[in-house]
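Reading through the structure tokens given below for one structure.
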Amino acid sequence: MSIRTGHLSALLVAFALGATACGSDGGESLTTEPAGTADDGSPDDATASDVSGSITVLTNRTDIVDTVFADYATKFNEQYPDVDVSFEAVTDYEGEVRIRMNTDDYGDVLLIPNSVTADQLPDFFEPLGTVDELGAEYRFITEQAFDGQAYGIAQTGNANGFVYNKAVWEAAGIETLPTTPAEFLADLQLIADNTEATPLYTNYAAGWPLGQWESNRGSISNNPDYLSEMARTDAPWSEGSDHFVIDSLLYDVVAAGLTEADPTTTDWETSKVDLGSGAIATMPLGSWAIVQVEEAATNPDDIGYMPFPNQVDGTYYSTANGDYKVAINKNSDNKDAARAWLDFFVDESGFAFDQGGISPRIDGENAPQLAGFAELGVEFTELAPPPAGEEGLTGSIDSEAEIGAFEPIYRQRIIDAARGQLDESKEDIFADLNSRWAAARSELGVE
């Protein structure tokens with residue numbers, strides 16, 4: 001079963017982190033020499049011939065662990081023939097790995113669970129280098145860092161927007177992509193009027209896809225400091241704010257009858273097939289989903305990716321953030337081999353390119369699935385880390401307010417109100433959200 005990737009499932013950390021290549025064979029990446037192991041077990045300089053041992057690599061990609069990852073291991077062993085790499089794919093990655101981290105046995109190389117807070121990173125993971133050093137080579141380094149040290153490097157980067165079926169949009173008579181929410185609504189109405197497709201699919205029942213709307217924060221205003229500023233206001237759902245624009249669009253699309261007839265019966269796996277075949281026209285998803293939809297499509301060339309329908313001074317922006325971060329277990333007995341694999345995976349494997357993502361390397365080439373963004377002149381907004389001492393503040397407010405920005409209940413409420421299942425308006429919901437946010441700030445003593 002193919003599964004989603006990304007770091008959207010844990011609210012507090014996602015808020016705190018502020019959140020988005022190689023060629024298919026890795027391209028001309030600039031791989032640094034892997035680290036070896038000094039007498040105290042810490043990484044030290046070594047050559048490939050010095051690196052040996054067995055390592056276990058944990059991954060959430062149960063769908064490609066026996067195929068794509070096996071090919072990566074074969075390529076890795078051409079450089080490091082004395083390293084034995086075994087993979088362990090974990091279906092409930094967040095839940096199971098976090099439990100295993102109560103012991104020392106959680107693999108040698110793994111993806112940092114979203115529930116790990118910044119101050120916990122040194123307790124579980126080996127430092128990979130300073131933020132300044134690694135930040136000169138890699139994107140998203142500040143997303144898994146603490147006290148100037150980086151503990152993980154993104155396996156890929158995600159843009160945010162909408163996966164859509166180009167053939168359906170063209171059949172509806174749409175010639176240019178929308179630049180405003182109003183134009184987006186009008187285009188979805190054309191799809192409803194001129195095709196048999198569901199204009200937009202919410203994936204309400206699956207729950208987690210509703211959090212994909214949240215990932216557009218920052219892009220509406222092109223404000224890297226949006227989350228930090230959100231912690232300093234009593235009314236994040238005021239007219240014109242990113243949250244107001246995002247949630248208004250969701251409400252208005254549903255209220256206009258432009259989504260699935262019965263949202264309580266949606267199915268994620270089926271939705272990918274339906275989007276690929278043209279039964280669905282549009283779904284809000286991170287760029288990580290493009291390849292999965294292409295693989296399910298009747299014609300992969302029909303699948304496109306558009307930014308959120310909003311521009312700042314005539315330019316589209318898409319919030320970009322790092323996917324899961326690859327890290328080394330601080331308890332590993334083979335840190336040199338673990339570092340060799342980590343460097344190979346992020347620099348040379350081609351994973352980001354193959355999965356339709358943004359290269360974690362600053363000098364890397366982005367996947368062809370994002371070519372449409374380049375043609376539209378879309379620019380990426382990378383959310384800045386919070387000021388020192390305010391790590392996790394926005395998430396703490398959200399938790400105290402019991403809103404749950406990435407949790408399904410928040411936007412299921414908006415959908416239910418828009419389809420007439422709840423006796424409240426969009427304005428009622430926003431007023432309630434603002435009231436709860438302000439009360440939470442007061443309770444936490446945030447000035």
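Ordered as shown in the structure tokens, chains take letters A, B, and onward, while each chain numbers its residues from 1 and ligands are numbered from 1 in the order shown.
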### Query
Taking the backbone alone, and naming residues the way the document does, which bits of stretch 51-275 of chain A are strand (DSSP E) by DSSP, as JSON, numbers by chain?
{"A": [53, 54, 55, 56, 57, 58, 59, 83, 84, 85, 86, 87, 88, 89, 109, 110, 111, 129, 130, 145, 146, 149, 150, 153, 154, 157, 158, 160, 161, 162, 163, 164, 165]}
Let's have the selection written as a CSV table (one decimal), in the first residue's frame, with N, CA, C and O atoms.
chain,number,residue,atom,x,y,z
A,53,GLY,N,30.5,-2.8,8.3
A,53,GLY,CA,29.6,-3.1,9.3
A,53,GLY,C,28.2,-3.2,8.8
A,53,GLY,O,27.9,-3.1,7.6
A,54,SER,N,27.2,-3.5,9.7
A,54,SER,CA,25.8,-3.7,9.3
A,54,SER,C,25.0,-2.6,9.9
A,54,SER,O,25.2,-2.2,11.1
A,55,ILE,N,24.1,-2.1,9.1
A,55,ILE,CA,23.2,-1.0,9.6
A,55,ILE,C,21.7,-1.4,9.2
A,55,ILE,O,21.5,-2.0,8.2
A,56,THR,N,20.8,-0.9,10.1
A,56,THR,CA,19.4,-1.1,9.8
A,56,THR,C,18.8,0.3,9.6
A,56,THR,O,19.1,1.2,10.4
A,57,VAL,N,18.1,0.5,8.5
A,57,VAL,CA,17.6,1.8,8.1
A,57,VAL,C,16.0,1.6,8.2
A,57,VAL,O,15.4,0.8,7.5
A,58,LEU,N,15.4,2.5,9.0
A,58,LEU,CA,14.0,2.5,9.2
A,58,LEU,C,13.4,3.5,8.1
A,58,LEU,O,13.9,4.5,7.9
A,59,THR,N,12.3,3.1,7.6
A,59,THR,CA,11.6,4.0,6.6
A,59,THR,C,10.1,3.8,6.7
A,59,THR,O,9.6,2.8,7.2
A,83,VAL,N,29.7,-2.6,3.7
A,83,VAL,CA,28.5,-2.2,4.6
A,83,VAL,C,27.3,-3.0,4.2
A,83,VAL,O,26.9,-3.0,3.0
A,84,ASP,N,26.7,-3.7,5.1
A,84,ASP,CA,25.5,-4.5,4.9
A,84,ASP,C,24.3,-3.6,5.3
A,84,ASP,O,24.2,-3.3,6.5
A,85,VAL,N,23.5,-3.3,4.4
A,85,VAL,CA,22.3,-2.4,4.7
A,85,VAL,C,21.0,-3.2,4.7
A,85,VAL,O,20.7,-3.9,3.7
A,86,SER,N,20.3,-3.2,5.7
A,86,SER,CA,19.0,-3.8,5.8
A,86,SER,C,17.9,-2.8,6.1
A,86,SER,O,18.2,-1.8,6.8
A,87,PHE,N,16.7,-2.9,5.5
A,87,PHE,CA,15.7,-2.0,5.7
A,87,PHE,C,14.5,-2.5,6.5
A,87,PHE,O,14.3,-3.7,6.4
A,88,GLU,N,13.9,-1.7,7.3
A,88,GLU,CA,12.7,-2.0,8.0
A,88,GLU,C,11.7,-1.0,7.8
A,88,GLU,O,11.8,0.2,8.2
A,89,ALA,N,10.6,-1.4,7.0
A,89,ALA,CA,9.5,-0.5,6.7
A,89,ALA,C,8.5,-0.6,7.8
A,89,ALA,O,8.1,-1.7,8.2
A,109,VAL,N,19.9,4.2,11.1
A,109,VAL,CA,19.5,5.4,10.4
A,109,VAL,C,17.9,5.4,10.4
A,109,VAL,O,17.3,4.4,10.1
A,110,LEU,N,17.3,6.6,10.6
A,110,LEU,CA,15.9,6.6,10.7
A,110,LEU,C,15.4,8.0,10.3
A,110,LEU,O,16.2,9.0,10.2
A,111,LEU,N,14.1,8.1,10.2
A,111,LEU,CA,13.4,9.4,10.0
A,111,LEU,C,13.0,9.9,11.3
A,111,LEU,O,12.3,9.2,12.1
A,129,GLY,N,26.4,18.2,12.1
A,129,GLY,CA,27.2,19.4,11.8
A,129,GLY,C,26.4,20.6,12.3
A,129,GLY,O,25.3,20.5,12.7
A,130,THR,N,27.1,21.7,12.2
A,130,THR,CA,26.4,22.9,12.6
A,130,THR,C,25.4,23.4,11.6
A,130,THR,O,25.4,23.1,10.4
A,145,ALA,N,16.9,21.1,14.2
A,145,ALA,CA,18.1,21.6,14.8
A,145,ALA,C,17.8,22.1,16.2
A,145,ALA,O,16.7,22.5,16.6
A,146,PHE,N,18.9,22.1,17.0
A,146,PHE,CA,18.8,22.6,18.3
A,146,PHE,C,20.2,23.1,18.8
A,146,PHE,O,21.2,22.5,18.6
A,149,GLN,N,23.1,23.1,16.3
A,149,GLN,CA,23.5,21.8,15.7
A,149,GLN,C,22.3,21.2,14.9
A,149,GLN,O,21.2,21.3,15.4
A,150,ALA,N,22.6,20.7,13.8
A,150,ALA,CA,21.6,20.0,13.0
A,150,ALA,C,21.6,18.5,13.2
A,150,ALA,O,22.7,17.9,13.3
A,153,ILE,N,18.7,15.7,8.0
A,153,ILE,CA,18.7,16.3,6.7
A,153,ILE,C,17.4,15.8,6.0
A,153,ILE,O,17.2,14.5,6.0
A,154,ALA,N,16.7,16.6,5.4
A,154,ALA,CA,15.4,16.2,4.7
A,154,ALA,C,15.7,15.2,3.6
A,154,ALA,O,16.6,15.4,2.8
A,157,GLY,N,12.1,17.6,-0.3
A,157,GLY,CA,11.3,18.8,0.1
A,157,GLY,C,9.9,18.8,-0.6
A,157,GLY,O,9.8,18.2,-1.7
A,158,ASN,N,9.0,19.3,0.1
A,158,ASN,CA,7.6,19.4,-0.5
A,158,ASN,C,7.2,20.8,-0.8
A,158,ASN,O,7.3,21.7,0.1
A,160,ASN,N,3.6,23.0,-1.9
A,160,ASN,CA,2.2,22.8,-1.5
A,160,ASN,C,1.3,23.5,-2.5
A,160,ASN,O,1.7,24.5,-3.1
A,161,GLY,N,0.2,22.8,-2.8
A,161,GLY,CA,-0.8,23.3,-3.8
A,161,GLY,C,-1.8,22.3,-4.0
A,161,GLY,O,-2.3,21.6,-3.1
A,162,PHE,N,-2.2,22.1,-5.3
A,162,PHE,CA,-3.2,21.2,-5.7
A,162,PHE,C,-2.8,20.3,-6.8
A,162,PHE,O,-2.2,20.8,-7.9
A,163,VAL,N,-2.9,19.0,-6.7
A,163,VAL,CA,-2.8,18.0,-7.8
A,163,VAL,C,-4.0,18.1,-8.6
A,163,VAL,O,-5.1,18.0,-8.0
A,164,TYR,N,-3.9,18.2,-9.9
A,164,TYR,CA,-5.1,18.2,-10.7
A,164,TYR,C,-5.0,17.5,-12.0
A,164,TYR,O,-3.9,17.2,-12.5
A,165,ASN,N,-6.1,17.1,-12.6
A,165,ASN,CA,-6.1,16.4,-13.9
A,165,ASN,C,-6.2,17.4,-15.0
A,165,ASN,O,-7.3,18.0,-15.2
### Query
Excluding same-chain residues fewer than 5 positions from A:Glu375, what lies within 12 Å of it counting only C-alpha atoms, as a list in words?
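Near A:Glu375, the qualifying residues are Leu177, Tyr305, Met306, Pro307, Thr315, Tyr316, Pro368, Gln369 and Leu370 of chain A.
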### Message
Can you pull out every residue from stretch 317-413 of chain A that DSSP, working from the backbone, puts in helix (DSSP H, G or I), and format the result as a ChimeraX atom specification?
### Response
/A:335-347,351-354,368-376,393-401,408-413
### Task
Mind giving me the straight-line distance from atom CA of A:Pro127 to atom CA of A:Gly392 in Å, one decimal?
20.7 Å
### One-decimal distance in Å that lies between atom CA of A:Ser287 and atom CA of A:Asp252
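Interatomic distance, atom CA of A:Asp252 to atom CA of A:Ser287: 23.7 Å.
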### Near-A:Thr282 list (12 Å; only C-alpha atoms; drop same-chain fewer than 3 positions) as a ChimeraX atom specification
/A:161-169,184-185,187-188,191-192,197-203,253,258-260,271-272,274-279,285,290,293,302-308
### Message
Ranking A:Gln412, A:Gln311, A:Asn329, A:Gln189 by minimum distance to A:Asp123 and counting only C-alpha atoms, which one comes first?
### Response
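Smallest separation from A:Asp123 among the options: A:Asn329.
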### Task
Mind giving me the straight-line distance from atom CA of A:Arg361 to atom CA of A:Thr381 in Å, one decimal?
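Value for the atom CA of A:Arg361-atom CA of A:Thr381 distance: 16.3 Å.
If you measure from each of A:Tyr80, A:Tyr204, A:Tyr93, A:Tyr151 to A:Ala261 using only C-alpha atoms, the closest one turns out to be A:Tyr204.
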### Task
Between A:Asp66, A:Asp247, A:Asp423, A:Asp363, single out the one closest to A:Glu137, counting only C-alpha atoms.
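Using only C-alpha atoms, A:Glu137 sits closest to A:Asp363.
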### Query
With distances taken over only C-alpha atoms, which of A:Ile64, A:Leu128, A:Ala337, A:Val346 is nearest to A:Val51?
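Using only C-alpha atoms, the shortest distance to A:Val51 belongs to A:Ala337.
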### Task
Can you pull out every residue within 10 Å of A:Pro387, counting only C-alpha atoms, but drop anything in the same chain fewer than 5 positions away, and send it as a ChimeraX atom specification?
/A:225,228,393
Could those selected residues go to a file with all heavy atoms, as a tab-separated table (two decimals), in the first residue's frame?
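Printed below is out.tsv as written:
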chain	number	residue	atom	x	y	z
A	225	ASP	N	7.73	34.70	8.29
A	225	ASP	CA	7.53	34.80	9.74
A	225	ASP	C	6.07	34.63	10.14
A	225	ASP	O	5.68	35.00	11.26
A	225	ASP	CB	8.04	36.16	10.23
A	225	ASP	CG	9.54	36.33	10.03
A	225	ASP	OD1	10.28	35.38	10.34
A	225	ASP	OD2	9.95	37.39	9.54
A	228	SER	N	5.39	32.80	13.55
A	228	SER	CA	5.81	33.56	14.73
A	228	SER	C	4.86	34.73	14.97
A	228	SER	O	4.51	35.04	16.12
A	228	SER	CB	7.24	34.07	14.54
A	228	SER	OG	8.16	33.01	14.47
A	393	LEU	N	6.03	27.72	20.45
A	393	LEU	CA	5.04	28.61	21.06
A	393	LEU	C	3.71	28.56	20.32
A	393	LEU	O	2.64	28.43	20.93
A	393	LEU	CB	5.57	30.04	21.11
A	393	LEU	CG	4.61	31.10	21.66
A	393	LEU	CD1	4.18	30.76	23.08
A	393	LEU	CD2	5.25	32.49	21.60
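Candidate residues A:Asn434, A:Thr180, A:Thr156, A:Thr195 were compared for distance to A:Asp234, and the nearest is A:Asn434, using only C-alpha atoms.
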### Message
So that I can see what lies close to A:Pro224, please list as a PyMOL selection string the residues with an atom at most 6 Å from it, counting only C-alpha atoms and leaving out residues fewer than 4 positions away in the same chain.
### Response
chain A and resi 382-384
Selection to disk with N, CA and C atoms, as a compact mmCIF listing (two decimals), in the first residue's frame:
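This went into out.txt:
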# COMPACT_ATOMS: atom_id res chain seq x y z
N GLU A 382 9.84 29.69 2.37
CA GLU A 382 10.31 28.81 3.43
C GLU A 382 10.09 29.51 4.76
N LEU A 383 9.29 28.91 5.62
CA LEU A 383 8.98 29.52 6.90
C LEU A 383 10.22 29.56 7.79
N ALA A 384 10.43 30.69 8.41
CA ALA A 384 11.60 30.89 9.25
C ALA A 384 11.41 30.20 10.60
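Minimum atom-to-atom distance to A:Arg413, evaluated using only C-alpha atoms, belongs to A:Pro263 out of A:Pro263, A:Pro284, A:Pro386, A:Gly356.
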